[in-house]
Structure formats: C-alpha cells, structure tokens
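Peer 1: Attaching a single structure in structure tokens format; questions to follow.
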Amino acid sequence: MREITFAEAIREAMSEEMRKDPTVFVMGEDIGVYGGAFGVTRGMLAEFGPERVKDTPISEAAIVGSAAGAAVTGMRPIAELMYVDFATIGMDQLVNQAAKIRYMFGGKAKVPMVLRAPCGAGRGNAAQHSQSLEAFFVHVPGLKVVMPSTPYDAKGLLKSSIRDDNPVVFLEHKMLYNFKGPVPEEEYTIPLGVADIKREGRDVTVIATSMIVHKALNAAAELEKEGISVEVIDPRTLKPLDVDTLVRSVKKTKHVIVAHEAVKTNGFGAEVVAVLVENAFDYLDAPIIRVTAPDTPVPYSRPLEDDFIPQERDIISAIKEIL
Amino acid sequence: MKYSESLTREDKVDMLYKMMLIRGFEEKVEELFSLNLIHGSTHLYIGQEATAVGACRALNKDDYITSTHRGHGHCIAKGGDVKYMMAELLGRKTGYCKGKGGSMHIADMDIGILGANGVVGGGIPIATGAGLSIKMRGTKQVVICFFGDGAANQGSFHESLNLASIWDLPVIYIIENNLYGMSMGVNRAVKVERLADRAKAYNIPGIVMDGNDVIEVYDTVSGAVEKVRNGGGPILIESLTYRWRGHSRSDARAYRTREEEAEWRSKCPIRRFSEKLMSEGLLTEEGFKELEKRVEDDLNNAVEFAKASPFPDPEDLLTDVYA
Ligand SMILES: Cc1ncc(C[n+]2csc(CCOP(=O)(O)OP(=O)(O)O)c2C)c(N)n1
Ligand SMILES: [Mg+2]
C-alpha cells in the first residue's frame, strides 16, 4: 500500500469531502497561500479557491463562532486553529454555543462543524504553543473529540468527523505531521467511537493516545525481547469512548497503564481509569498506573522539555513496576 | 518645541547603537538557529528597530511595556541585557526566565518588561491591567503596549481599548503595522484605511507615525507619554513599518513580492538615522565603525556567556508553577 504523511492524509480527507459536498469549506489563519502553519492545507487554495479555503484575520473567537453559525444554517465548516492553545480564545463559542445549541434548542438544530487544531510539545515552542488540552473538550457534553495517531486513522476519522452532524474537535499532534504510514487509495471511513488495538499482547494493556501511541509501541517492541507481551490500545476517539474494547483487553491482561502527553491532574487518563474501575474492577490485578506529563506548563529549554514529555523509558518502567 | 530637540549627541548615538544592537542580535539569533543552538521558533524584528527604540526612549525605567512574539527589539530597547536574553534563547539556567520561557516569553520585571507574548493580542489586556493598577496605586507610571496589525483584529484589542477609554487608563497602544500578520496582508484583514482610525470607536486620539524614523517615533511617543502621564487617558498610535524577514524561519514569503521587500529595505531605519547623524555632524564614519565593533563585542560576549551557562537541572521542571 502507498504511504503518505499524517498531514497529507488530513488534506486528502478534507479535499475528498470538499469535492463531494459543496457545503464543506475550510477557514483559518494563513491556510490559503501560506498553506497553514504546518502545511496541512497546502495546495487546497489552488484547487478550491478563496471562497472555500478562507484565510481569516487573527480572531479565534470569530473563527470558532462563525463556524458554528455557518453550521447551524446549512454549511459544514472545517475551522483550523493554528495551535490548540488558542482554542481558549474561542472557548465561549465552542463550549457555550456550538456544543449546546442542539440541546438548548430542544433538538431542533444541528451544528455539523469540525474544529481542527495542532497540539503537543516537542518543538521547543514553549508554554503557549505546546499544550495538550483534550480534557477541556472531553468535559463538555455536546462535543465529540478525536485524537488520531496514524495517517490511516487521521484520514478515516476526519472524513467521519466532517460527515458527523455534531461539533467535533479534531486534535493533531504536531510531531506527527511528517509521520508516514499506509493509506489506501480507495475511499474508506472509520466510525467515531471505535478504539483500535494497535498491538495485541497478553501481560499488560497500555492505553495511549496520539503521539504516545508510538512510544508505547516502541516500548512494547523493546519489552518483547524480555518476554513481556504488551497490548497497545489507541481509543482514537476520546468522546465517545469505546469502553467495551478497553474492558475486553483488561479482562485479558489484568494490568493497565494509561499514557498521554497531557498533564496528569484531571487529564483524559483520569477518565479512563475511572471507567475501568467502574467496569472492570474485579479483573484488575494491580492498581492502574498513569504515565503523563507532570503538572507544569510546557518548558522551553530542550532538556526540560524532554523531561516534561512522557518517553518510551517512562512507559517501560511503569510496565515493569506493574507486573 | 519638538521633544527630540532636547536629545543630546550622546542620546542620539545611543539610540543608533540600540537599533544596531537589535539588528545584530537578530542576525546572531538567525545564525544560532541554523546551528541548532536555538530551537523552537523565533520571530525577528529586523526592519522595525526604530519603533521600539524611539518609543522606549520616551519612557522611564519604572514605566511598563508589554511585547509580542516579535519581542527581542522591545526588550533591548527597554533596557534588557542581551546576555540574559541570549542565555534564555539557548535554554540556559542563567537566562531571563531560567530557560523556561524562551524567545516568546522573555520578561524583566525589574525594568518594567511585562513579557513578550506567544498569544497574538494576549498582551493587550495585560497592559490595560497594568494601567489600571497604576491608576489605583496612584503612581505616575505609564504603559506602552506593543502589538502588530494582526493583533488589532482580536477581541482583546477592542475590549481593552474600550475599557482603557472609559477608565482613562495611562496606556499608549502602539500598533506596529508591518503590513502583514504572517501571510495575511493588512489590506485583506481589515476594511479601514488606517488602523489608527479605530481610535474613533473609543473616542481616544489615534495617531499615525513613520515607524522607520526613530526621531519621529520619539517625538510622537513623547507627546503621547506626556499627555497620558498627566491623566489624559489612553492613546492609539499606528507605526508604519515593515518586517524584512519571513514571519518565522519556515516562511517562503509567497504572499509578497521581492520588489516590495527591496522598496522597504531602501527605507532602512538604521541607515536613515546614521546618515542623518553624519549629515548633522554628530557622527563620523569612524564613530559608526566603532559602534559596529561595540555591537559585535557585546553580542559575542552574550553568546559566550550563554554557551558557558548550564542548562536547567531536572528539578527545575517542577518549580515556579505556584508562588
Ligand atoms: C491567538 C494567536 N493566534 C495565532 C497565532 C499564530 N501567530 C503568531 S504571530 C502571527 C501573526 C501576527 O501578526 P501581527 O500581529 O501583525 O504581528 P507581526 O508578526 O507582524 O509582528 C500569528 C498568526 C498566535 N501566536 N496567537
Ligand atoms: Mg504584522
């Protein structure tokens, strides 16, 4: 199968949906001539023109809110934030407006929009350009939250997100954009709310998201040499969460590590732990361990940033501790 | 009388030196970045030196400024030490922020630098709050809030100017209109002819100045400072200038022409000022060479200092989160 990058997969998903459905369009800062800060929309202006690949001023509240307004009146906007950190500026429009309109209106409206945003650390972009804020969004009823780890998943999930009739927050780790993986030429979609077992194993389950999935897979390959069999599961969609797949794995391995790049307290991992305690407590042979960033902002200095980000070695030591 | 008439020869030569130091600093940063000694992103101030230097020359040490992602020039102009700036950019413990902040977060509370800022428009409410505090504490300080044309389209700009106007806060808002917010031409991002016209919406003075003429900047801002310090309420100034380099390193500058760049290079604020000083007999060719040498020495010392400094210790990751 051909291999393309994560960024290309996202671009293909958007372009294919735009070719099929005239109500789909993209808007955001510097997505036109510039092609987006990370080059994701490169070439789209040439194909679709400035009416459907819309450069906006630096106005996140208006970007998010006007996407919601367009969605509620018949369009299917894809709004791009340059960094997820700036979602905070559009938060009223996302949390109080987009997420709640359907409910508040008694089910009489729908808000089919996607908010795409790069997240994550690793590029020395420091405290205001490196965060993993997925837990903010997961906490809001009415939003769906997708956080893929591979080009294949990114493409299939983004297509489903665009077709979904609800506001979907789609989080792209910026260190993944150049990551290559197999993606078929033929059309496919991946339903929201279905986890993927990235590697089967017997002894311990690592539930990881986004960039950390790859670190977990490396850790698993490393530990295989020592005869430890690690199962790696990527929920892919954080909301709705595929609890069944997680529980099935726990019943098999009886040991769980939850790993993500976001800070620990009230991170998405806390929800995963709670769900497993509620649904699989009797099968657990040991307390669940979380591998996360510490409760600090993201530091600039390279050695500190490396320490901040959960690494393969942290996952390996957690696995050794739990077994 | 013009304020600049009371500047001595030494004052003027020092202003030129500061402008040259800013340019030299940025060129050094470019070099260190390509050697991978600096990581993350850096936004260079080359071409805009006259605005920071002319404006900060009108301030006292205990006056405040807020700055932006393109903040090195403001920091140097307000009296920042290039040693600690360089150490910060190299992620060292001796840097202004102990290596935790990096280029976009340099601050020096001792000389009123309330931080560069990674969030476009993020400094505008902070400056407004500093103005509020000055008023409540009853001191005679003032605040200069620097930001770009792009930032003027954030809600934070409009909300802050309105607040400052109704409360008569001692804040001078300086928009550095360098014609672009990343790839977005200001002519595409706003419909008003001049950004300074937005002052009308808040019934405060709006002034346009040549941001590449350090003496005009000094005179304009000095006049504003005098009014504001005496309780006259906020003022909006639009400084017309140009960023010579790409927005950041990855910028291919596809959104503007090489001719336009050449035209603005011919308005080089440093050359204009040095030629003026020479024609007025205040500076000789030799004196100019000496300044160049001084800049070079100061920057070499700064780089030496930074390179000789240690990286932060792993424990430093966890400190400074709370007071
Ligand atoms: C809230 C926010 N949105 C987007 C960005 C990404 N970004 C950084 S600088 C920039 C352009 C800023 O333009 P302007 O305010 O004119 O300042 P200039 O870069 O020209 O100095 C953008 C879009 C950001 N840092 N913060
Ligand atoms: Mg600008």
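Identifiers in the structure tokens: chain A, B, ... in order shown; residue index from 1 per chain; ligand index from 1 in order shown.
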Select from segment 87-209 of chain B everything DSSP, run on the backbone, classes as alpha helix (DSSP H), then give the selection as a PyMOL selection string.
Peer 2: chain B and resi 87-89+123-137+155-166+186-189
Peer 1: Give me the residues of chain B that have any atom at most 8 Å from an atom of ligand 1; for each, the nearest atom pair and the distance in Å, rounded to one decimal. Use only C-alpha atoms and all ligand atoms, sort by chain and number, and format it as JSON lines.
Peer 2:
{"residue": "B:His43", "atom": "CA", "partner": "ligand 1", "partner_atom_place_in_ligand_line": "19 (O)", "distance": 7.2}
{"residue": "B:Tyr45", "atom": "CA", "partner": "ligand 1", "partner_atom_place_in_ligand_line": "21 (O)", "distance": 7.7}
{"residue": "B:Thr68", "atom": "CA", "partner": "ligand 1", "partner_atom_place_in_ligand_line": "21 (O)", "distance": 7.3}
{"residue": "B:His69", "atom": "CA", "partner": "ligand 1", "partner_atom_place_in_ligand_line": "9 (S)", "distance": 6.3}
{"residue": "B:Arg70", "atom": "CA", "partner": "ligand 1", "partner_atom_place_in_ligand_line": "21 (O)", "distance": 5.4}
{"residue": "B:Gly118", "atom": "CA", "partner": "ligand 1", "partner_atom_place_in_ligand_line": "25 (N)", "distance": 5.0}
{"residue": "B:Val119", "atom": "CA", "partner": "ligand 1", "partner_atom_place_in_ligand_line": "26 (N)", "distance": 3.7}
{"residue": "B:Val120", "atom": "CA", "partner": "ligand 1", "partner_atom_place_in_ligand_line": "26 (N)", "distance": 3.9}
{"residue": "B:Gly121", "atom": "CA", "partner": "ligand 1", "partner_atom_place_in_ligand_line": "1 (C)", "distance": 6.4}
{"residue": "B:Gly122", "atom": "CA", "partner": "ligand 1", "partner_atom_place_in_ligand_line": "1 (C)", "distance": 7.1}
{"residue": "B:Phe147", "atom": "CA", "partner": "ligand 1", "partner_atom_place_in_ligand_line": "15 (O)", "distance": 5.9}
{"residue": "B:Gly148", "atom": "CA", "partner": "ligand 1", "partner_atom_place_in_ligand_line": "15 (O)", "distance": 3.4}
{"residue": "B:Asp149", "atom": "CA", "partner": "ligand 1", "partner_atom_place_in_ligand_line": "16 (O)", "distance": 4.0}
{"residue": "B:Gly150", "atom": "CA", "partner": "ligand 1", "partner_atom_place_in_ligand_line": "15 (O)", "distance": 3.4}
{"residue": "B:Ala151", "atom": "CA", "partner": "ligand 1", "partner_atom_place_in_ligand_line": "15 (O)", "distance": 4.0}
{"residue": "B:Ala152", "atom": "CA", "partner": "ligand 1", "partner_atom_place_in_ligand_line": "15 (O)", "distance": 7.0}
{"residue": "B:Gln154", "atom": "CA", "partner": "ligand 1", "partner_atom_place_in_ligand_line": "1 (C)", "distance": 7.8}
{"residue": "B:Glu176", "atom": "CA", "partner": "ligand 1", "partner_atom_place_in_ligand_line": "21 (O)", "distance": 7.1}
{"residue": "B:Asn177", "atom": "CA", "partner": "ligand 1", "partner_atom_place_in_ligand_line": "16 (O)", "distance": 6.5}
{"residue": "B:Asn178", "atom": "CA", "partner": "ligand 1", "partner_atom_place_in_ligand_line": "20 (O)", "distance": 5.7}
{"residue": "B:Leu179", "atom": "CA", "partner": "ligand 1", "partner_atom_place_in_ligand_line": "20 (O)", "distance": 7.1}
{"residue": "B:Tyr180", "atom": "CA", "partner": "ligand 1", "partner_atom_place_in_ligand_line": "20 (O)", "distance": 5.2}
{"residue": "B:Gly181", "atom": "CA", "partner": "ligand 1", "partner_atom_place_in_ligand_line": "13 (O)", "distance": 3.1}
{"residue": "B:Met182", "atom": "CA", "partner": "ligand 1", "partner_atom_place_in_ligand_line": "11 (C)", "distance": 4.4}
{"residue": "B:Ser183", "atom": "CA", "partner": "ligand 1", "partner_atom_place_in_ligand_line": "11 (C)", "distance": 7.9}
{"residue": "B:Val186", "atom": "CA", "partner": "ligand 1", "partner_atom_place_in_ligand_line": "16 (O)", "distance": 7.9}
{"residue": "B:Arg243", "atom": "CA", "partner": "ligand 1", "partner_atom_place_in_ligand_line": "20 (O)", "distance": 7.0}
{"residue": "B:His247", "atom": "CA", "partner": "ligand 1", "partner_atom_place_in_ligand_line": "19 (O)", "distance": 6.0}
Peer 1: Kindly provide, as a ChimeraX atom specification, the residues of chain A having any atom no farther than 7 Å from an atom of chain B, counting only C-alpha atoms.
Peer 2: /A:30,33-34,57-59,123-126,128,296,299-302,304
Peer 1: Excluding Val194 of chain A and any residue of its chain fewer than 6 positions from it, enumerate the residues within 10 Å of it, using only C-alpha atoms, and give them as JSON, numbers by chain.
Peer 2: {"A": [157, 234, 235, 236, 237, 238, 239, 240, 241, 242, 243, 244, 245]}
Peer 1: Go ahead and write the residues just picked, C-alpha atoms, as a PDB file, in the first residue's frame.
Peer 2:
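That gives us part37.pdb:
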ATOM      1  CA  LEU A 157     -11.722   9.648  11.210  1.00  0.00           C
ATOM      2  CA  ASP A 234      -5.496   3.652  20.950  1.00  0.00           C
ATOM      3  CA  PRO A 235      -9.006   4.898  21.769  1.00  0.00           C
ATOM      4  CA  ARG A 236      -8.723   7.248  18.732  1.00  0.00           C
ATOM      5  CA  THR A 237     -11.983   8.906  19.713  1.00  0.00           C
ATOM      6  CA  LEU A 238     -11.911  10.244  23.264  1.00  0.00           C
ATOM      7  CA  LYS A 239     -15.566  11.155  23.217  1.00  0.00           C
ATOM      8  CA  PRO A 240     -17.486   8.962  22.648  1.00  0.00           C
ATOM      9  CA  LEU A 241     -15.104   6.483  24.252  1.00  0.00           C
ATOM     10  CA  ASP A 242     -15.082   2.827  23.219  1.00  0.00           C
ATOM     11  CA  VAL A 243     -15.319   1.389  26.722  1.00  0.00           C
ATOM     12  CA  ASP A 244     -16.020  -2.173  25.550  1.00  0.00           C
ATOM     13  CA  THR A 245     -12.716  -2.584  23.742  1.00  0.00           C
TER      14      THR A 245
END
Peer 1: What is the distance between atom CA of Lys215 of chain A and atom CA of Leu37 of chain B, in Å to one decimal?
Peer 2: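 Atom CA of Lys215 of chain A sits 26.0 Å away from atom CA of Leu37 of chain B.
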Peer 1: Skip Tyr177 of chain A itself and residues of its chain fewer than 5 positions away, then list as a ChimeraX atom specification all residues within 7 Å of it, counting only C-alpha atoms.
Peer 2: /A:5-7
Peer 1: Please produce a file of those selected residues containing N, CA and C atoms, as an mmCIF file, in the first residue's frame.
Peer 2:
data_model
loop_
_atom_site.group_PDB
_atom_site.id
_atom_site.type_symbol
_atom_site.label_atom_id
_atom_site.label_comp_id
_atom_site.auth_asym_id
_atom_site.auth_seq_id
_atom_site.Cartn_x
_atom_site.Cartn_y
_atom_site.Cartn_z
ATOM 1 N N THR A 5 2.013 10.994 4.450
ATOM 2 C CA THR A 5 2.188 11.551 5.792
ATOM 3 C C THR A 5 0.836 11.828 6.440
ATOM 4 N N PHE A 6 0.913 12.034 7.727
ATOM 5 C CA PHE A 6 -0.247 12.413 8.539
ATOM 6 C C PHE A 6 -0.891 13.689 7.976
ATOM 7 N N ALA A 7 -0.032 14.674 7.645
ATOM 8 C CA ALA A 7 -0.553 15.938 7.093
ATOM 9 C C ALA A 7 -1.254 15.693 5.757
#
Peer 1: List as a ChimeraX atom specification the protein and nucleic acid residues near segment 206-215 of chain B, meaning an atom at most 10 Å away when only C-alpha atoms are counted, but skip any in the same chain fewer than 3 places from it.
Peer 2: /B:2-5,7,12,15-16,19,47-55,57,173-178,194-200,202-203,218-221,224,234-242,264,267-270,272-273
